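Peer 1: What follows is start_15.json, JSON, C-alpha atoms.
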```
[["chain", "number", "residue", "atom", "x", "y", "z"],
["A", 1, "MET", "CA", 21.11, 3.70, -0.59],
["A", 2, "HIS", "CA", 18.84, 6.33, 0.95],
["A", 3, "SER", "CA", 15.96, 5.02, 3.07],
["A", 4, "GLU", "CA", 13.22, 6.54, 5.23],
["A", 5, "GLU", "CA", 10.20, 5.25, 7.09],
["A", 6, "ILE", "CA", 7.04, 7.36, 6.98],
["A", 7, "GLU", "CA", 3.76, 7.07, 8.87],
["A", 8, "ILE", "CA", 0.42, 7.00, 7.04],
["A", 9, "ARG", "CA", -2.91, 7.38, 8.84],
["A", 10, "THR", "CA", -5.52, 5.22, 7.14],
["A", 11, "GLY", "CA", -8.32, 5.62, 9.69],
["A", 12, "SER", "CA", -10.97, 3.07, 10.55],
["A", 13, "ARG", "CA", -12.19, 2.12, 7.06],
["A", 14, "GLU", "CA", -10.80, 0.22, 4.10],
["A", 15, "VAL", "CA", -8.68, 2.48, 1.95],
["A", 16, "VAL", "CA", -6.57, 2.77, -1.18],
["A", 17, "ARG", "CA", -4.26, 5.66, -0.22],
["A", 18, "ASP", "CA", -2.24, 7.39, -2.96],
["A", 19, "LEU", "CA", 1.43, 7.71, -1.89],
["A", 20, "ARG", "CA", 2.57, 9.69, -4.94],
["A", 21, "ASP", "CA", 3.19, 12.94, -3.01],
["A", 22, "GLU", "CA", 5.16, 11.18, -0.27],
["A", 23, "CYS", "CA", 7.25, 9.35, -2.90],
["A", 24, "HIS", "CA", 7.98, 12.60, -4.80],
["A", 25, "ARG", "CA", 8.98, 14.34, -1.56],
["A", 26, "PHE", "CA", 11.23, 11.43, -0.58],
["A", 27, "LEU", "CA", 12.96, 11.32, -3.98],
["A", 28, "SER", "CA", 13.54, 15.06, -3.84],
["A", 29, "SER", "CA", 15.02, 14.89, -0.33],
["A", 30, "ALA", "CA", 17.23, 11.96, -1.41],
["A", 31, "GLY", "CA", 18.61, 14.00, -4.32],
["A", 32, "ALA", "CA", 17.56, 11.13, -6.58],
["A", 33, "GLY", "CA", 18.72, 10.89, -10.17],
["A", 34, "ASP", "CA", 18.32, 7.60, -12.01],
["A", 35, "GLY", "CA", 17.72, 4.41, -10.04],
["A", 36, "LEU", "CA", 15.01, 2.42, -8.32],
["A", 37, "LEU", "CA", 12.48, 3.34, -5.68],
["A", 38, "ASN", "CA", 11.45, 0.45, -3.47],
["A", 39, "VAL", "CA", 8.30, 0.90, -1.39],
["A", 40, "TRP", "CA", 7.76, -1.59, 1.44],
["A", 41, "VAL", "CA", 4.90, -1.96, 3.94],
["A", 42, "PRO", "CA", 6.12, -3.86, 7.05],
["A", 43, "HIS", "CA", 2.64, -5.06, 8.01],
["A", 44, "ALA", "CA", 0.94, -8.46, 7.72],
["A", 45, "THR", "CA", -2.36, -6.89, 6.66],
["A", 46, "ALA", "CA", -1.52, -4.21, 4.06],
["A", 47, "GLY", "CA", -0.21, -4.13, 0.51],
["A", 48, "LEU", "CA", 0.86, -1.84, -2.31],
["A", 49, "ALA", "CA", -0.69, -1.45, -5.73],
["A", 50, "ILE", "CA", 0.22, 0.49, -8.84],
["A", 51, "ILE", "CA", -3.23, 1.68, -9.91],
["A", 52, "GLU", "CA", -5.17, 4.64, -11.25],
["A", 53, "THR", "CA", -6.92, 6.61, -8.50],
["A", 54, "GLY", "CA", -9.75, 9.10, -8.47],
["A", 55, "ALA", "CA", -11.73, 7.63, -11.37],
["A", 56, "GLY", "CA", -13.27, 4.73, -9.46],
["A", 57, "SER", "CA", -10.50, 2.13, -9.84],
["A", 58, "ASP", "CA", -9.52, 2.47, -6.18],
["A", 59, "ASP", "CA", -13.11, 1.76, -5.08],
["A", 60, "ASP", "CA", -13.30, -1.07, -7.63],
["A", 61, "LEU", "CA", -10.16, -2.65, -6.13],
["A", 62, "LEU", "CA", -11.66, -2.59, -2.64],
["A", 63, "ALA", "CA", -14.93, -4.05, -3.98],
["A", 64, "ALA", "CA", -13.01, -6.82, -5.78],
["A", 65, "LEU", "CA", -11.10, -7.64, -2.59],
["A", 66, "ARG", "CA", -14.38, -7.81, -0.64],
["A", 67, "ASP", "CA", -15.76, -10.22, -3.28],
["A", 68, "LEU", "CA", -12.60, -12.31, -3.34],
["A", 69, "LEU", "CA", -11.96, -12.21, 0.43],
["A", 70, "PRO", "CA", -15.30, -11.82, 2.24],
["A", 71, "GLY", "CA", -15.25, -10.42, 5.77],
["A", 72, "ASP", "CA", -17.16, -13.31, 7.32],
["A", 73, "ASP", "CA", -16.40, -16.11, 9.80],
["A", 74, "ARG", "CA", -14.77, -18.57, 7.38],
["A", 75, "TRP", "CA", -11.23, -17.56, 8.37],
["A", 76, "ARG", "CA", -9.16, -19.55, 10.86],
["A", 77, "HIS", "CA", -7.25, -16.42, 11.86],
["A", 78, "ARG", "CA", -9.89, -14.89, 14.14],
["A", 79, "HIS", "CA", -8.55, -12.15, 16.41],
["A", 80, "GLY", "CA", -9.68, -8.57, 15.82],
["A", 81, "SER", "CA", -12.82, -7.48, 13.99],
["A", 82, "PRO", "CA", -15.11, -10.14, 12.49],
["A", 83, "GLY", "CA", -13.58, -11.42, 9.24],
["A", 84, "HIS", "CA", -10.14, -10.02, 10.11],
["A", 85, "GLY", "CA", -8.53, -13.23, 8.86],
["A", 86, "ARG", "CA", -9.09, -12.00, 5.31],
["A", 87, "ASP", "CA", -6.81, -9.03, 6.03],
["A", 88, "HIS", "CA", -3.95, -11.48, 6.66],
["A", 89, "VAL", "CA", -4.59, -13.23, 3.32],
["A", 90, "MET", "CA", -4.88, -9.99, 1.30],
["A", 91, "PRO", "CA", -1.09, -9.39, 0.96],
["A", 92, "ALA", "CA", -0.84, -12.63, -1.04],
["A", 93, "PHE", "CA", -2.96, -10.87, -3.69],
["A", 94, "VAL", "CA", -1.77, -7.27, -3.16],
["A", 95, "PRO", "CA", 1.90, -7.64, -2.17],
["A", 96, "PRO", "CA", 3.54, -5.48, 0.50],
["A", 97, "TYR", "CA", 6.21, -4.18, -1.90],
["A", 98, "ALA", "CA", 6.62, -2.29, -5.17],
["A", 99, "THR", "CA", 9.71, -1.24, -7.12],
["A", 100, "ILE", "CA", 9.45, 1.69, -9.51],
["A", 101, "PRO", "CA", 12.09, 2.93, -11.98],
["A", 102, "VAL", "CA", 13.25, 6.49, -11.30],
["A", 103, "LEU", "CA", 14.56, 8.63, -14.15],
["A", 104, "GLY", "CA", 15.93, 12.10, -13.53],
["A", 105, "GLY", "CA", 14.58, 12.04, -9.98],
["A", 106, "ARG", "CA", 10.99, 11.25, -11.02],
["A", 107, "MET", "CA", 9.07, 7.98, -10.87],
["A", 108, "ALA", "CA", 8.70, 6.53, -14.37],
["A", 109, "LEU", "CA", 5.01, 5.73, -13.97],
["A", 110, "GLY", "CA", 2.41, 5.76, -16.71],
["A", 111, "THR", "CA", 0.09, 8.73, -17.11],
["A", 112, "TRP", "CA", -2.63, 7.42, -14.80],
["A", 113, "GLN", "CA", -0.54, 5.24, -12.46],
["A", 114, "SER", "CA", -0.04, 5.93, -8.76],
["A", 115, "VAL", "CA", 1.71, 4.00, -6.00],
["A", 116, "CYS", "CA", -0.98, 3.21, -3.44],
["A", 117, "LEU", "CA", -1.18, 1.70, 0.02],
["A", 118, "VAL", "CA", -4.03, -0.83, 0.16],
["A", 119, "ASP", "CA", -5.34, -1.31, 3.69],
["A", 120, "THR", "CA", -8.39, -3.43, 4.47],
["A", 121, "ASN", "CA", -7.61, -3.76, 8.19],
["A", 122, "VAL", "CA", -9.98, -1.42, 10.03],
["A", 123, "ASP", "CA", -8.35, -2.35, 13.37],
["A", 124, "ASN", "CA", -5.03, -0.64, 12.53],
["A", 125, "PRO", "CA", -5.48, 3.08, 11.70],
["A", 126, "VAL", "CA", -1.74, 3.88, 11.38],
["A", 127, "ARG", "CA", 0.70, 2.28, 8.93],
["A", 128, "LYS", "CA", 4.41, 2.56, 8.36],
["A", 129, "VAL", "CA", 5.82, 2.65, 4.84],
["A", 130, "ARG", "CA", 9.53, 2.30, 4.07],
["A", 131, "LEU", "CA", 10.80, 4.23, 1.03],
["A", 132, "SER", "CA", 14.27, 3.28, -0.26],
["A", 133, "PHE", "CA", 16.14, 4.75, -3.22],
["A", 134, "LEU", "CA", 18.91, 2.78, -4.88],
["A", 135, "ALA", "CA", 20.93, 4.93, -7.26],
["A", 136, "GLY", "CA", 21.69, 3.52, -10.71]]
```
Reformat the file's structure so that it appears as structure tokens.

Peer 2:
Amino acid sequence: MHSEEIEIRTGSREVVRDLRDECHRFLSSAGAGDGLLNVWVPHATAGLAIIETGAGSDDDLLAALRDLLPGDDRWRHRHGSPGHGRDHVMPAFVPPYATIPVLGGRMALGTWQSVCLVDTNVDNPVRKVRLSFLAG
């Protein structure tokens, strides 16, 4: 298995960050053929989504998360910014892992699909993402 941890800067706002380029680079450096790419976010307040980006779906996802998990004072987990407790619940809805088939060294995603980091935690501007390739 080939594995690498990368650093992603998400800044101080909620973000859906496309990781497609980083995944392609990793697969190329791993000399990937057929197998599985596992993407893992070792954080309690971030997740991964397979979603279309650039046509509004990424903004729609963040809006849906704000509706589902409001950033108010209802949360028992209270350190950090107001409403930060919701960030700790978010990974139950947007999990911190994704596994993608790889064929001929390329992710076998649909035409409009991207692997994206979903980060609603404005208190943590830097994230780590672990990319692991398991050859078939």

Peer 1: So which residues touch region 64-74 of chain A within 12 Å, counting all atoms listed in the file, skipping near sequence neighbours fewer than 6 positions away, as a ChimeraX atom specification?

Peer 2: /A:14-16,47,57-58,80-94,118-122

Peer 1: Let me see the file: selected residues, C-alpha atoms, as a tab-separated table (two decimals), keeping the file's coordinate frame.

Peer 2:
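What landed in out10.tsv:
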```
chain	number	residue	atom	x	y	z
A	14	GLU	CA	-10.80	0.22	4.10
A	15	VAL	CA	-8.68	2.48	1.95
A	16	VAL	CA	-6.57	2.77	-1.18
A	47	GLY	CA	-0.21	-4.13	0.51
A	57	SER	CA	-10.50	2.13	-9.84
A	58	ASP	CA	-9.52	2.47	-6.18
A	80	GLY	CA	-9.68	-8.57	15.82
A	81	SER	CA	-12.82	-7.48	13.99
A	82	PRO	CA	-15.11	-10.14	12.49
A	83	GLY	CA	-13.58	-11.42	9.24
A	84	HIS	CA	-10.14	-10.02	10.11
A	85	GLY	CA	-8.53	-13.23	8.86
A	86	ARG	CA	-9.09	-12.00	5.31
A	87	ASP	CA	-6.81	-9.03	6.03
A	88	HIS	CA	-3.95	-11.48	6.66
A	89	VAL	CA	-4.59	-13.23	3.32
A	90	MET	CA	-4.88	-9.99	1.30
A	91	PRO	CA	-1.09	-9.39	0.96
A	92	ALA	CA	-0.84	-12.63	-1.04
A	93	PHE	CA	-2.96	-10.87	-3.69
A	94	VAL	CA	-1.77	-7.27	-3.16
A	118	VAL	CA	-4.03	-0.83	0.16
A	119	ASP	CA	-5.34	-1.31	3.69
A	120	THR	CA	-8.39	-3.43	4.47
A	121	ASN	CA	-7.61	-3.76	8.19
A	122	VAL	CA	-9.98	-1.42	10.03
```

Peer 1: In Å, with one decimal, what is the gap from CA of Glu7 (chain A) to CA of Ser29 (chain A)?

Peer 2: 16.5 Å

Peer 1: Looking at only C-alpha atoms, which of A:His43, A:His79, A:Arg127, A:Arg25 is the one that sits closest to Met107 (chain A)?

Peer 2: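 Result for the nearest residue to Met107 (chain A): A:Arg25.
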
Peer 1: Find the residue from A:Glu5, A:Gly11, A:Phe133, A:Trp75 that sits nearest to Pro42 (chain A); use all atoms listed in the file when measuring.

Peer 2: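 Counting all atoms listed in the file, the residue closest to Pro42 (chain A) is A:Glu5.
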
Peer 1: A:Val39, A:Ala63, A:Glu52, A:Cys116: which is nearest Leu27 (chain A), counting only C-alpha atoms?

Peer 2: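 Among the listed residues, the smallest separation from Leu27 (chain A) belongs to A:Val39.
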
Peer 1: Suppose you want the space between CA of Pro101 (chain A) and CA of Asn38 (chain A); what is it in Å?

Peer 2: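 Computed distance, CA of Pro101 (chain A) to CA of Asn38 (chain A), equals 8.9 Å.
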